[in-house]
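Everything below concerns the one structure shown next.
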Amino acid sequence: MKSLKKKVASAVYKGLLSIKPDVTLTEAEIISYLAYPPDQTMGDLALPCFKFSKELRMAPPAIASKLVEGFECEGIARAEAAGGYLNLKIDRGAFCRSIYDSIADTDKPYGASGEGAGKTVVLDYSSPNVAKPFHIGHLGTTVIGHSLKKMFEFAGYKCIGVNHLGDWGTQFGKLTVAYRKWGSREAVEQKGIDELVALYVKFHEEAEKEPALNDEARAAFTALEHGDPEITELWRWFIEISIAEYKKTYKQLDIEFDYYTGESFYTDKMPAVVEELKEKNLLTLDDGASIVDLEAYGMPPCLILKRDGSTLYPTRDIAAAIYRKNTFDFDKCIYVTSAGQCLHFAQWFKVLELMGREWYKDLVHVPYGTVSLNGEKLATRTGNVVLLKDLFDEAIDKAAAIMAEKNPELAGREDVAESVGVGAVVFYYLSSNRMRDINFVLEDALNFDGNTGPYAQYTYARTCQILHKCSDFRAEEFTPNDDEFALCKTLSLFPETFDQALYEYEPSIITRYVLQLCADYNRFYHNCPVLTAETEQLKAQRLALTQSTNKVLARALELICVRHPEKI
Ligand code: ARG
């Protein structure tokens, strides 16, 4: 169904044509100027005509009056000119009905444009470095990445989630040395990744005092590169243990990856890349290392091979991108990492362009800002980190304590506490624009009365409970009051909000939409009795609005990876 804004834009466009037959403004532009003013005395929908005065060479009030003449549009009851604005009064009953109908339509999910039909997107996210801690710095890549995956899926794309594990590099040399010196099989088997991280931290402490350990570690990594069977076996084991641990956290977030193809997966795919770079005369020797000079593009060189001939992080990314293009023939490949890696991505994207791979344009880097906890920054090497799993555990415990107080009778409380605790962390994280630096305060994230995940989940549960009590209704005629109309307006904005979030790779746009929807629903709920409404018609109308809110909230929460239990 055509949205109301689209219908209005067509009508306005017709009006503009009658003023200037060769007008270059488009309907899409007109839609972007149409707004629902917060103050309803200004009409339900307003169009600022000064946006057109330059092209039409006319004063805004004159344009507004001209547009009012003969304005006709389904769903609009009245058009008025007020100063430079065209103010439109919506036929509220018809509007609410049409929103309800499109949300209730089971054939086409409400808000899904279907733009991705037949297209494939690869998403590279989370990708922790094995043997180093999986800490709250990874929260961003993990939840933004997964949310983008959900969003692209909803838009109809085929999505492939790849965990590009950091499973190759000198840290394995360090870990091997540390394990042999201070570790034991039993301890690793018992404590899993915690023991690996402890060994890694100990290595750094000891190497401060005894720098020769670094040479030993380098030698161990070289041995791994040459396929030393014993070290290879240790390496495999370290990875296995780490993945098992990551999967526990992924399960709490309902994340499943299609592939765990880490950096090591591309070992045998890199020689061809190096060959091609040589053939295309792109490699230069720099103090024994091989680089691609990017000075002409205002960037430092991209490092391809170290002096000893070993490959680097960018080399593996180039090989991985080519492999993914050949294997999945993607339309887009998205990388979610901290903003600290912006230069890295800009560099190797440029190298692919220089190699003549036209599809370099389909590579997208989605960066995000830093995270601190209660004002403290994180440092991996000193072991001063907060692990993601510890943050989740703490949030779950706190959520359980709050719920034991609020709703002691609740069945299945443990599961719900997990959904609320983890959901609170994710929601809080995804509330700010991704480039903003975030300071995490768990108490704020779990405040049931704030703009939080628990508050959104609570609102959702409220809608479920009402619908449980009465699901049999037929809403045919709508006579919305101001609160009901405001709720409908917000419901009507879901499709365009989703499109914008997708276009900007910005899940927080959806999170903020959820908060708006909850605020509108709760205001409606407090002012308009649903089950005890005065007439059957009103009751049906309010149940219809409750059901629409329920569906849109569920969808929006799914898109930002927050669970929505029916009771909390
Ligand atoms: N393992 C890297 C890190 O933790 C992130 C990898 C991102 N993906 C990529 N293809 N480079 O910093």
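Each chain in the structure tokens gets a letter, A, B and so on, in the order shown; residues start at 1 in every chain, and ligands are counted from 1 in the order they appear.
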### Query
Could you pull the residues within 6 Å of region 137-143 of chain A, counting only C-alpha atoms, minus those fewer than 5 positions along the same chain, as a ChimeraX atom specification?
/A:125-126,336-337,371
Please produce a file of those selected residues containing C-alpha atoms, as a PDB file, in the first residue's frame.
```pdb
ATOM      1  CA  TYR A 125      31.591  -9.005  12.420  1.00  0.00           C
ATOM      2  CA  SER A 126      32.468  -9.866  15.996  1.00  0.00           C
ATOM      3  CA  VAL A 336      32.056  -3.823  11.390  1.00  0.00           C
ATOM      4  CA  THR A 337      35.056  -2.775  13.495  1.00  0.00           C
ATOM      5  CA  VAL A 371      33.383   1.810  25.103  1.00  0.00           C
TER       6      VAL A 371
END
```
Using only C-alpha atoms and all ligand atoms, find each residue with an atom at most 7 Å away from ligand 1 and format the answer as an mmCIF file with N, CA, C and O atoms, in the first residue's frame.
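Generated file (out03.cif):
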```
data_model
loop_
_atom_site.group_PDB
_atom_site.id
_atom_site.type_symbol
_atom_site.label_atom_id
_atom_site.label_comp_id
_atom_site.auth_asym_id
_atom_site.auth_seq_id
_atom_site.Cartn_x
_atom_site.Cartn_y
_atom_site.Cartn_z
ATOM 1 N N ASP A 124 30.881 -9.263 7.971
ATOM 2 C CA ASP A 124 32.062 -9.711 8.713
ATOM 3 C C ASP A 124 32.005 -8.970 10.041
ATOM 4 O O ASP A 124 32.141 -7.751 10.085
ATOM 5 N N TYR A 125 31.730 -9.701 11.139
ATOM 6 C CA TYR A 125 31.591 -9.005 12.420
ATOM 7 C C TYR A 125 31.954 -9.889 13.593
ATOM 8 O O TYR A 125 32.142 -11.085 13.421
ATOM 9 N N SER A 127 34.355 -11.227 15.227
ATOM 10 C CA SER A 127 35.758 -11.514 14.911
ATOM 11 C C SER A 127 36.763 -11.217 16.025
ATOM 12 O O SER A 127 37.670 -10.413 15.851
ATOM 13 N N PRO A 128 36.607 -11.874 17.185
ATOM 14 C CA PRO A 128 37.585 -11.625 18.248
ATOM 15 C C PRO A 128 38.946 -12.236 17.912
ATOM 16 O O PRO A 128 39.051 -13.045 16.994
ATOM 17 N N ASN A 129 39.947 -11.816 18.661
ATOM 18 C CA ASN A 129 41.271 -12.393 18.466
ATOM 19 C C ASN A 129 41.448 -13.533 19.453
ATOM 20 O O ASN A 129 41.417 -13.325 20.664
ATOM 21 N N HIS A 164 35.457 -13.502 11.239
ATOM 22 C CA HIS A 164 36.836 -13.453 10.733
ATOM 23 C C HIS A 164 37.778 -13.474 11.946
ATOM 24 O O HIS A 164 38.439 -12.488 12.283
ATOM 25 N N LEU A 165 37.788 -14.627 12.600
ATOM 26 C CA LEU A 165 38.570 -14.766 13.837
ATOM 27 C C LEU A 165 40.020 -14.353 13.638
ATOM 28 O O LEU A 165 40.633 -14.679 12.621
ATOM 29 N N GLY A 166 40.546 -13.680 14.635
ATOM 30 C CA GLY A 166 41.988 -13.410 14.611
ATOM 31 C C GLY A 166 42.688 -14.656 15.109
ATOM 32 O O GLY A 166 43.004 -14.784 16.280
ATOM 33 N N ASP A 317 43.189 -9.620 4.560
ATOM 34 C CA ASP A 317 41.890 -9.028 4.225
ATOM 35 C C ASP A 317 41.687 -8.967 2.706
ATOM 36 O O ASP A 317 40.568 -9.181 2.226
ATOM 37 N N TYR A 335 31.985 -4.680 6.800
ATOM 38 C CA TYR A 335 32.922 -4.965 7.890
ATOM 39 C C TYR A 335 32.602 -4.047 9.059
ATOM 40 O O TYR A 335 32.585 -2.838 8.897
ATOM 41 N N VAL A 336 32.355 -4.643 10.214
ATOM 42 C CA VAL A 336 32.056 -3.823 11.390
ATOM 43 C C VAL A 336 33.236 -3.906 12.359
ATOM 44 O O VAL A 336 33.521 -4.975 12.901
ATOM 45 N N THR A 337 33.940 -2.803 12.533
ATOM 46 C CA THR A 337 35.056 -2.775 13.495
ATOM 47 C C THR A 337 35.113 -1.411 14.167
ATOM 48 O O THR A 337 34.443 -0.473 13.741
#
```
Task: DSSP-assigned helix (DSSP H, G or I) members of region 295-449 of chain A, reported as a PyMOL selection string - done: chain A and resi 295-297+313-328+339-354+358-362+388-406+413-429+442-445
With region 499-512 of chain A as the partner and 10 Å as the cut-off, tabulate the residues of region 122-201 of chain A that qualify, each row holding the nearest pair of atoms and their distance in Å to one decimal, using only C-alpha atoms, sorted by chain and rising number, as a tab-separated table.
```
residue	atom	partner	partner_atom	distance
A:Val143	CA	A:Pro507	CA	9.3
A:Ile144	CA	A:Pro507	CA	6.8
A:Gly145	CA	A:Tyr505	CA	9.5
A:His146	CA	A:Pro507	CA	9.9
A:Ser147	CA	A:Pro507	CA	6.6
A:Leu148	CA	A:Tyr505	CA	6.8
A:Met151	CA	A:Leu502	CA	6.6
A:Phe152	CA	A:Leu502	CA	7.3
A:Phe154	CA	A:Leu502	CA	9.9
A:Ala155	CA	A:Leu502	CA	8.5
```
Of A:Tyr368, A:Phe71, A:Tyr85, A:Phe427, the one nearest to Gly43 (chain A) when counting only C-alpha atoms is A:Tyr85
Using only C-alpha atoms, the best pick from A:Lys567, A:Arg523, A:Asn374, A:Leu559 as closest to Leu430 (chain A) would be A:Leu559
Review point. Near Phe485 (chain A), within 12 Å and counting only C-alpha atoms, which residues show up once chain neighbours fewer than 2 positions away are dropped, as a PyMOL selection string?
Key: chain A and resi 36+40+44+90-97+99-100+478-483+487-492+520-521+523-524+528+541-542+545
Using only N, CA, C and O atoms, please write the residues we just selected to a file, as a tab-separated table (two decimals), in the first residue's frame.
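Everything below was put into selection_30.tsv:
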```tsv
chain	number	residue	atom	x	y	z
A	36	TYR	N	5.59	15.53	10.39
A	36	TYR	CA	4.47	15.58	11.32
A	36	TYR	C	4.86	16.58	12.40
A	36	TYR	O	5.73	16.27	13.21
A	40	GLN	N	0.11	20.00	17.16
A	40	GLN	CA	-0.91	19.62	16.19
A	40	GLN	C	-1.78	20.78	15.70
A	40	GLN	O	-2.52	20.64	14.74
A	44	ASP	N	-1.73	18.23	10.72
A	44	ASP	CA	-1.20	16.90	11.03
A	44	ASP	C	0.08	16.62	10.26
A	44	ASP	O	0.94	15.87	10.69
A	90	ILE	N	-5.24	15.52	8.32
A	90	ILE	CA	-5.43	14.13	7.87
A	90	ILE	C	-6.84	13.66	8.20
A	90	ILE	O	-7.40	14.03	9.24
A	91	ASP	N	-7.39	12.86	7.34
A	91	ASP	CA	-8.64	12.17	7.64
A	91	ASP	C	-8.25	11.05	8.62
A	91	ASP	O	-7.82	9.97	8.22
A	92	ARG	N	-8.36	11.35	9.90
A	92	ARG	CA	-7.75	10.49	10.92
A	92	ARG	C	-8.30	9.06	10.95
A	92	ARG	O	-7.56	8.11	11.13
A	93	GLY	N	-9.60	8.96	10.78
A	93	GLY	CA	-10.21	7.63	10.82
A	93	GLY	C	-9.66	6.75	9.71
A	93	GLY	O	-9.20	5.63	9.94
A	94	ALA	N	-9.63	7.31	8.50
A	94	ALA	CA	-9.16	6.53	7.35
A	94	ALA	C	-7.67	6.21	7.51
A	94	ALA	O	-7.21	5.11	7.18
A	95	PHE	N	-6.94	7.17	8.05
A	95	PHE	CA	-5.50	6.99	8.24
A	95	PHE	C	-5.22	5.82	9.18
A	95	PHE	O	-4.46	4.91	8.87
A	96	CYS	N	-5.88	5.84	10.36
A	96	CYS	CA	-5.64	4.77	11.33
A	96	CYS	C	-6.04	3.42	10.77
A	96	CYS	O	-5.37	2.41	10.97
A	97	ARG	N	-7.11	3.41	10.06
A	97	ARG	CA	-7.57	2.16	9.48
A	97	ARG	C	-6.54	1.60	8.51
A	97	ARG	O	-6.22	0.41	8.52
A	99	ILE	N	-3.35	2.17	8.39
A	99	ILE	CA	-2.14	1.71	9.08
A	99	ILE	C	-2.40	0.35	9.71
A	99	ILE	O	-1.60	-0.59	9.60
A	100	TYR	N	-3.55	0.23	10.36
A	100	TYR	CA	-3.89	-1.04	10.99
A	100	TYR	C	-3.93	-2.15	9.95
A	100	TYR	O	-3.37	-3.22	10.15
A	478	PHE	N	-12.76	3.56	12.69
A	478	PHE	CA	-11.82	4.21	13.61
A	478	PHE	C	-12.21	5.67	13.83
A	478	PHE	O	-12.43	6.40	12.87
A	479	THR	N	-12.27	6.05	15.11
A	479	THR	CA	-12.55	7.45	15.44
A	479	THR	C	-11.49	7.90	16.45
A	479	THR	O	-11.78	8.04	17.64
A	480	PRO	N	-10.25	8.07	16.01
A	480	PRO	CA	-9.16	8.28	16.96
A	480	PRO	C	-9.19	9.64	17.65
A	480	PRO	O	-9.46	10.65	17.00
A	481	ASN	N	-8.89	9.64	18.95
A	481	ASN	CA	-8.64	10.89	19.67
A	481	ASN	C	-7.16	11.25	19.48
A	481	ASN	O	-6.44	10.55	18.78
A	482	ASP	N	-6.71	12.32	20.13
A	482	ASP	CA	-5.34	12.78	19.90
A	482	ASP	C	-4.28	11.73	20.26
A	482	ASP	O	-3.30	11.55	19.55
A	483	ASP	N	-4.47	11.04	21.38
A	483	ASP	CA	-3.48	10.04	21.80
A	483	ASP	C	-3.44	8.86	20.83
A	483	ASP	O	-2.38	8.33	20.50
A	487	LEU	N	-0.27	7.81	18.33
A	487	LEU	CA	0.27	6.45	18.28
A	487	LEU	C	0.28	5.93	16.84
A	487	LEU	O	1.26	5.34	16.37
A	488	CYS	N	-0.80	6.18	16.14
A	488	CYS	CA	-0.90	5.74	14.75
A	488	CYS	C	0.16	6.38	13.87
A	488	CYS	O	0.73	5.76	12.99
A	489	LYS	N	0.40	7.65	14.13
A	489	LYS	CA	1.40	8.36	13.34
A	489	LYS	C	2.76	7.68	13.52
A	489	LYS	O	3.50	7.43	12.58
A	490	THR	N	3.09	7.39	14.78
A	490	THR	CA	4.38	6.75	15.03
A	490	THR	C	4.43	5.37	14.37
A	490	THR	O	5.44	4.99	13.76
A	491	LEU	N	3.32	4.64	14.45
A	491	LEU	CA	3.30	3.33	13.78
A	491	LEU	C	3.52	3.49	12.29
A	491	LEU	O	4.21	2.70	11.64
A	492	SER	N	2.96	4.57	11.74
A	492	SER	CA	3.07	4.77	10.29
A	492	SER	C	4.50	5.10	9.88
A	492	SER	O	4.86	4.97	8.72
A	520	ASP	N	4.56	6.63	23.15
A	520	ASP	CA	3.21	6.89	22.61
A	520	ASP	C	2.22	5.84	23.08
A	520	ASP	O	1.08	6.15	23.40
A	521	TYR	N	2.68	4.60	23.12
A	521	TYR	CA	1.75	3.55	23.55
A	521	TYR	C	1.38	3.74	25.02
A	521	TYR	O	0.21	3.63	25.40
A	523	ARG	N	1.37	6.42	26.82
A	523	ARG	CA	0.47	7.57	27.01
A	523	ARG	C	-0.95	7.17	26.64
A	523	ARG	O	-1.90	7.42	27.36
A	524	PHE	N	-1.08	6.51	25.50
A	524	PHE	CA	-2.38	6.01	25.06
A	524	PHE	C	-2.99	5.10	26.12
A	524	PHE	O	-4.15	5.26	26.52
A	528	CYS	N	-6.47	6.06	27.66
A	528	CYS	CA	-7.59	5.45	26.95
A	528	CYS	C	-7.80	4.02	27.42
A	528	CYS	O	-7.04	3.12	27.04
A	541	GLN	N	-11.23	-0.76	18.40
A	541	GLN	CA	-10.23	0.16	17.85
A	541	GLN	C	-8.96	0.16	18.71
A	541	GLN	O	-7.84	0.12	18.22
A	542	ARG	N	-9.17	0.16	20.03
A	542	ARG	CA	-8.00	0.19	20.93
A	542	ARG	C	-7.26	-1.14	20.95
A	542	ARG	O	-6.03	-1.18	21.06
A	545	LEU	N	-5.14	-1.08	17.89
A	545	LEU	CA	-3.92	-0.28	18.06
A	545	LEU	C	-2.91	-1.02	18.94
A	545	LEU	O	-1.70	-0.97	18.71
```
(Q) For a test of reading the model, state the distance in Å between CA of Gln547 (chain A) and CA of Tyr455 (chain A), rounded to one decimal. (A)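 About the pair CA of Gln547 (chain A) and CA of Tyr455 (chain A): they are 18.2 Å apart.
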_I'd like to know which of A:Pro48, A:Gly340, A:Gly356, A:Pro109 is closest to Val12 (chain A), using only C-alpha atoms._
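The closest residue to Val12 (chain A) is A:Pro48.
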(request) For CA of Thr459 (chain A) and CA of Ser3 (chain A), determine how far apart the two atoms are, in Å to one decimal place. (result)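 Rounded to one decimal, the two atoms are 26.3 Å apart.
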* Asked: Near region 325-329 of chain A, counting only C-alpha atoms, which residues have an atom at most 8 Å away, once you skip same-chain residues fewer than 3 positions from it, shown as a PyMOL selection string?
  -> chain A and resi 120+122+321-322
Could you save the residues just selected, with N, CA, C and O atoms, as a compact mmCIF listing (two decimals), in the first residue's frame?
```txt
# COMPACT_ATOMS: atom_id res chain seq x y z
N THR A 120 22.85 -10.50 -2.38
CA THR A 120 23.56 -11.13 -1.27
C THR A 120 24.45 -10.13 -0.55
O THR A 120 25.13 -9.34 -1.19
N VAL A 122 27.44 -10.05 2.49
CA VAL A 122 28.31 -10.74 3.44
C VAL A 122 28.57 -9.78 4.59
O VAL A 122 28.87 -8.61 4.36
N ALA A 321 38.66 -10.90 0.85
CA ALA A 321 37.64 -10.22 0.04
C ALA A 321 37.53 -10.89 -1.33
O ALA A 321 36.41 -11.12 -1.82
N ILE A 322 38.67 -11.21 -1.93
CA ILE A 322 38.63 -11.85 -3.25
C ILE A 322 37.96 -13.22 -3.15
O ILE A 322 37.11 -13.58 -3.96
```
List the neighbours of Gly192 (chain A) out to 9 Å using only C-alpha atoms; skip same-chain residues closer than 5 positions along the sequence, and give me the result as a CSV table (one decimal) with all heavy atoms, in the first residue's frame.
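Writing done, so here's out.csv:
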```
chain,number,residue,atom,x,y,z
A,187,ALA,N,44.8,-27.4,33.5
A,187,ALA,CA,44.3,-26.1,33.8
A,187,ALA,C,43.5,-25.5,32.6
A,187,ALA,O,42.5,-24.9,32.8
A,187,ALA,CB,45.5,-25.2,34.1
A,238,PHE,N,43.8,-24.4,21.1
A,238,PHE,CA,43.5,-23.1,21.6
A,238,PHE,C,42.3,-22.5,20.9
A,238,PHE,O,41.4,-21.9,21.5
A,238,PHE,CB,44.7,-22.1,21.4
A,238,PHE,CG,45.9,-22.5,22.2
A,238,PHE,CD1,47.2,-22.1,21.7
A,238,PHE,CD2,45.8,-23.2,23.4
A,238,PHE,CE1,48.3,-22.5,22.4
A,238,PHE,CE2,47.0,-23.5,24.1
A,238,PHE,CZ,48.3,-23.2,23.6
A,241,ILE,N,39.0,-24.3,21.9
A,241,ILE,CA,38.5,-23.8,23.3
A,241,ILE,C,38.0,-22.4,23.2
A,241,ILE,O,36.9,-22.1,23.8
A,241,ILE,CB,39.8,-23.9,24.2
A,241,ILE,CG1,40.0,-25.4,24.5
A,241,ILE,CG2,39.5,-23.1,25.5
A,241,ILE,CD1,41.0,-25.6,25.6
A,242,SER,N,38.6,-21.6,22.5
A,242,SER,CA,38.1,-20.2,22.4
A,242,SER,C,36.7,-20.1,21.7
A,242,SER,O,35.8,-19.5,22.2
A,242,SER,CB,39.1,-19.3,21.6
A,242,SER,OG,40.4,-19.4,22.2
A,244,ALA,N,34.5,-22.4,21.6
A,244,ALA,CA,33.4,-23.0,22.4
A,244,ALA,C,33.0,-21.9,23.4
A,244,ALA,O,31.8,-21.8,23.7
A,244,ALA,CB,34.0,-24.2,23.2
A,245,GLU,N,33.9,-21.1,23.9
A,245,GLU,CA,33.6,-20.1,24.9
A,245,GLU,C,32.8,-18.9,24.2
A,245,GLU,O,31.8,-18.5,24.7
A,245,GLU,CB,34.9,-19.5,25.4
A,245,GLU,CG,34.7,-18.6,26.6
A,245,GLU,CD,34.2,-19.3,27.8
A,245,GLU,OE1,34.6,-20.5,28.1
A,245,GLU,OE2,33.4,-18.7,28.6
```
**Study point:** Spatial neighbours of region 171-182 of chain A, 9 Å, only C-alpha atoms, chain gap at least 6 places, as a list in words
**Key:**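 Contacts, in chain order: Val130, Ala131, Lys132, Leu196, Val197, Leu199, Tyr200, Lys202, Phe203, His204, Leu213, Asn214, Glu216, Ala217, Arg218, Ala219, Ala220, Phe221, Thr222, Ala223, Leu224, Ile231, Leu234, Trp235 and Phe238 of chain A.
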Okay, now the selection with N, CA, C and O atoms, as a compact mmCIF listing (two decimals), in the first residue's frame?
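Produced file selection_37.txt, reproduced below:
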```
# COMPACT_ATOMS: atom_id res chain seq x y z
N VAL A 130 41.61 -14.71 18.91
CA VAL A 130 41.70 -15.91 19.74
C VAL A 130 42.85 -15.75 20.73
O VAL A 130 43.89 -15.22 20.40
N ALA A 131 42.58 -16.22 21.93
CA ALA A 131 43.58 -16.21 23.01
C ALA A 131 43.72 -14.85 23.65
O ALA A 131 44.32 -14.71 24.70
N LYS A 132 43.15 -13.84 23.02
CA LYS A 132 43.07 -12.56 23.74
C LYS A 132 41.65 -12.47 24.29
O LYS A 132 40.74 -13.12 23.79
N LEU A 196 43.80 -19.33 29.11
CA LEU A 196 44.58 -18.86 27.96
C LEU A 196 44.89 -17.37 28.13
O LEU A 196 46.01 -16.92 27.90
N VAL A 197 43.89 -16.62 28.53
CA VAL A 197 44.11 -15.18 28.71
C VAL A 197 45.11 -14.94 29.84
O VAL A 197 46.01 -14.10 29.72
N LEU A 199 47.51 -16.86 30.73
CA LEU A 199 48.84 -17.18 30.22
C LEU A 199 49.36 -16.04 29.34
O LEU A 199 50.54 -15.66 29.41
N TYR A 200 48.47 -15.51 28.55
CA TYR A 200 48.84 -14.42 27.65
C TYR A 200 49.28 -13.18 28.45
O TYR A 200 50.29 -12.55 28.15
N LYS A 202 50.39 -13.25 31.55
CA LYS A 202 51.64 -13.58 32.24
C LYS A 202 52.83 -13.44 31.29
O LYS A 202 53.89 -12.95 31.67
N PHE A 203 52.61 -13.85 30.05
CA PHE A 203 53.70 -13.73 29.09
C PHE A 203 54.19 -12.28 29.01
O PHE A 203 55.38 -12.01 29.06
N HIS A 204 53.24 -11.35 28.94
CA HIS A 204 53.63 -9.95 28.81
C HIS A 204 54.33 -9.44 30.06
O HIS A 204 55.30 -8.68 29.97
N LEU A 213 62.22 -13.58 25.85
CA LEU A 213 61.00 -14.38 25.65
C LEU A 213 60.32 -14.02 24.33
O LEU A 213 59.72 -14.87 23.67
N ASN A 214 60.45 -12.74 23.96
CA ASN A 214 59.85 -12.32 22.70
C ASN A 214 60.47 -13.04 21.50
O ASN A 214 59.78 -13.37 20.54
N GLU A 216 61.77 -15.99 21.61
CA GLU A 216 61.26 -17.37 21.66
C GLU A 216 59.87 -17.44 21.04
O GLU A 216 59.54 -18.36 20.29
N ALA A 217 59.05 -16.42 21.35
CA ALA A 217 57.68 -16.41 20.84
C ALA A 217 57.70 -16.28 19.32
O ALA A 217 56.94 -16.95 18.62
N ARG A 218 58.57 -15.41 18.82
CA ARG A 218 58.66 -15.24 17.37
C ARG A 218 59.05 -16.55 16.70
O ARG A 218 58.48 -16.94 15.68
N ALA A 219 60.01 -17.21 17.32
CA ALA A 219 60.47 -18.49 16.75
C ALA A 219 59.33 -19.51 16.76
O ALA A 219 59.15 -20.27 15.80
N ALA A 220 58.55 -19.49 17.83
CA ALA A 220 57.44 -20.45 17.91
C ALA A 220 56.42 -20.16 16.82
O ALA A 220 55.87 -21.08 16.20
N PHE A 221 56.17 -18.88 16.55
CA PHE A 221 55.20 -18.56 15.51
C PHE A 221 55.72 -18.96 14.13
O PHE A 221 54.99 -19.50 13.30
N THR A 222 57.03 -18.72 13.91
CA THR A 222 57.61 -19.13 12.63
C THR A 222 57.46 -20.65 12.46
O THR A 222 57.12 -21.15 11.39
N ALA A 223 57.68 -21.37 13.56
CA ALA A 223 57.53 -22.83 13.50
C ALA A 223 56.09 -23.19 13.14
O ALA A 223 55.84 -24.09 12.33
N LEU A 224 55.15 -22.44 13.68
CA LEU A 224 53.73 -22.69 13.37
C LEU A 224 53.49 -22.43 11.88
O LEU A 224 52.84 -23.21 11.18
N ILE A 231 53.17 -27.73 17.54
CA ILE A 231 52.63 -26.38 17.76
C ILE A 231 51.31 -26.22 17.01
O ILE A 231 50.37 -25.60 17.51
N LEU A 234 48.65 -27.62 19.15
CA LEU A 234 48.32 -26.71 20.26
C LEU A 234 47.45 -25.57 19.75
O LEU A 234 46.44 -25.21 20.35
N TRP A 235 47.85 -25.02 18.63
CA TRP A 235 47.13 -23.88 18.03
C TRP A 235 45.66 -24.25 17.77
O TRP A 235 44.75 -23.51 18.12
N PHE A 238 43.81 -24.42 21.07
CA PHE A 238 43.52 -23.08 21.61
C PHE A 238 42.29 -22.48 20.91
O PHE A 238 41.43 -21.88 21.55
```
Proximity check region 145-260 of chain A to region 386-398 of chain A, 12 Å, nearest pairs one decimal Å, only C-alpha atoms, as CSV:
```
residue,atom,partner,partner_atom,distance
A:Ile193,CA,A:Leu387,CA,11.0
A:Asp194,CA,A:Leu387,CA,9.8
A:Val197,CA,A:Leu387,CA,10.7
A:Glu245,CA,A:Lys389,CA,9.2
A:Tyr246,CA,A:Lys389,CA,8.8
A:Lys247,CA,A:Lys389,CA,10.7
A:Lys248,CA,A:Lys389,CA,8.4
A:Thr249,CA,A:Lys389,CA,6.2
A:Tyr250,CA,A:Lys389,CA,9.8
A:Lys251,CA,A:Lys389,CA,11.1
A:Gln252,CA,A:Phe392,CA,8.7
A:Leu253,CA,A:Phe392,CA,10.0
```
task = Pick out each residue of region 57-176 of chain A that DSSP on the backbone tags as strand (DSSP E); I need them as a list in words.
result =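 Listing strand (DSSP E) positions across region 57-176 of chain A yields Ile76, Ala77, Arg78, Ala79, Glu80, Ala81, Ala82, Tyr85, Leu86, Asn87, Leu88, Lys89, Ile90, Thr120, Val121, Val122, Leu123, Asp124, Lys158, Cys159, Ile160, Gly161 and Val162 of chain A.
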Residue neighbourhood Gly156 (chain A), 8 Å, only C-alpha atoms, exclusion window fewer than 2 positions, as a PDB file with N, CA and C atoms, in the first residue's frame:
```
ATOM      1  N   ALA A 112       8.854  -3.928   5.311  1.00  0.00           N
ATOM      2  CA  ALA A 112       9.906  -4.587   4.529  1.00  0.00           C
ATOM      3  C   ALA A 112       9.750  -4.183   3.065  1.00  0.00           C
ATOM      4  N   SER A 113      10.750  -3.483   2.548  1.00  0.00           N
ATOM      5  CA  SER A 113      10.624  -2.965   1.187  1.00  0.00           C
ATOM      6  C   SER A 113      10.848  -4.048   0.139  1.00  0.00           C
ATOM      7  N   GLY A 114      11.589  -5.094   0.522  1.00  0.00           N
ATOM      8  CA  GLY A 114      11.918  -6.125  -0.450  1.00  0.00           C
ATOM      9  C   GLY A 114      13.013  -5.692  -1.412  1.00  0.00           C
ATOM     10  N   GLU A 115      13.694  -4.592  -1.080  1.00  0.00           N
ATOM     11  CA  GLU A 115      14.728  -4.083  -1.995  1.00  0.00           C
ATOM     12  C   GLU A 115      15.874  -5.079  -2.213  1.00  0.00           C
ATOM     13  N   GLY A 116      16.054  -6.016  -1.271  1.00  0.00           N
ATOM     14  CA  GLY A 116      17.204  -6.903  -1.370  1.00  0.00           C
ATOM     15  C   GLY A 116      16.937  -8.204  -2.124  1.00  0.00           C
ATOM     16  N   ALA A 117      15.750  -8.351  -2.682  1.00  0.00           N
ATOM     17  CA  ALA A 117      15.416  -9.622  -3.338  1.00  0.00           C
ATOM     18  C   ALA A 117      16.473  -9.978  -4.385  1.00  0.00           C
ATOM     19  N   GLY A 118      16.987 -11.192  -4.279  1.00  0.00           N
ATOM     20  CA  GLY A 118      17.977 -11.659  -5.254  1.00  0.00           C
ATOM     21  C   GLY A 118      19.389 -11.145  -5.002  1.00  0.00           C
ATOM     22  N   LYS A 119      19.579 -10.383  -3.929  1.00  0.00           N
ATOM     23  CA  LYS A 119      20.919  -9.846  -3.668  1.00  0.00           C
ATOM     24  C   LYS A 119      21.528 -10.486  -2.416  1.00  0.00           C
ATOM     25  N   PHE A 152      19.333  -6.334   7.114  1.00  0.00           N
ATOM     26  CA  PHE A 152      19.443  -6.667   5.690  1.00  0.00           C
ATOM     27  C   PHE A 152      18.564  -7.863   5.341  1.00  0.00           C
ATOM     28  N   GLU A 153      18.470  -8.795   6.273  1.00  0.00           N
ATOM     29  CA  GLU A 153      17.572  -9.935   6.030  1.00  0.00           C
ATOM     30  C   GLU A 153      16.136  -9.450   5.884  1.00  0.00           C
ATOM     31  N   PHE A 154      15.751  -8.551   6.764  1.00  0.00           N
ATOM     32  CA  PHE A 154      14.384  -8.032   6.733  1.00  0.00           C
ATOM     33  C   PHE A 154      14.114  -7.297   5.416  1.00  0.00           C
ATOM     34  N   LYS A 158      19.839 -11.866   0.955  1.00  0.00           N
ATOM     35  CA  LYS A 158      20.394 -13.101   1.498  1.00  0.00           C
ATOM     36  C   LYS A 158      21.649 -12.690   2.259  1.00  0.00           C
TER      37      LYS A 158
END
```
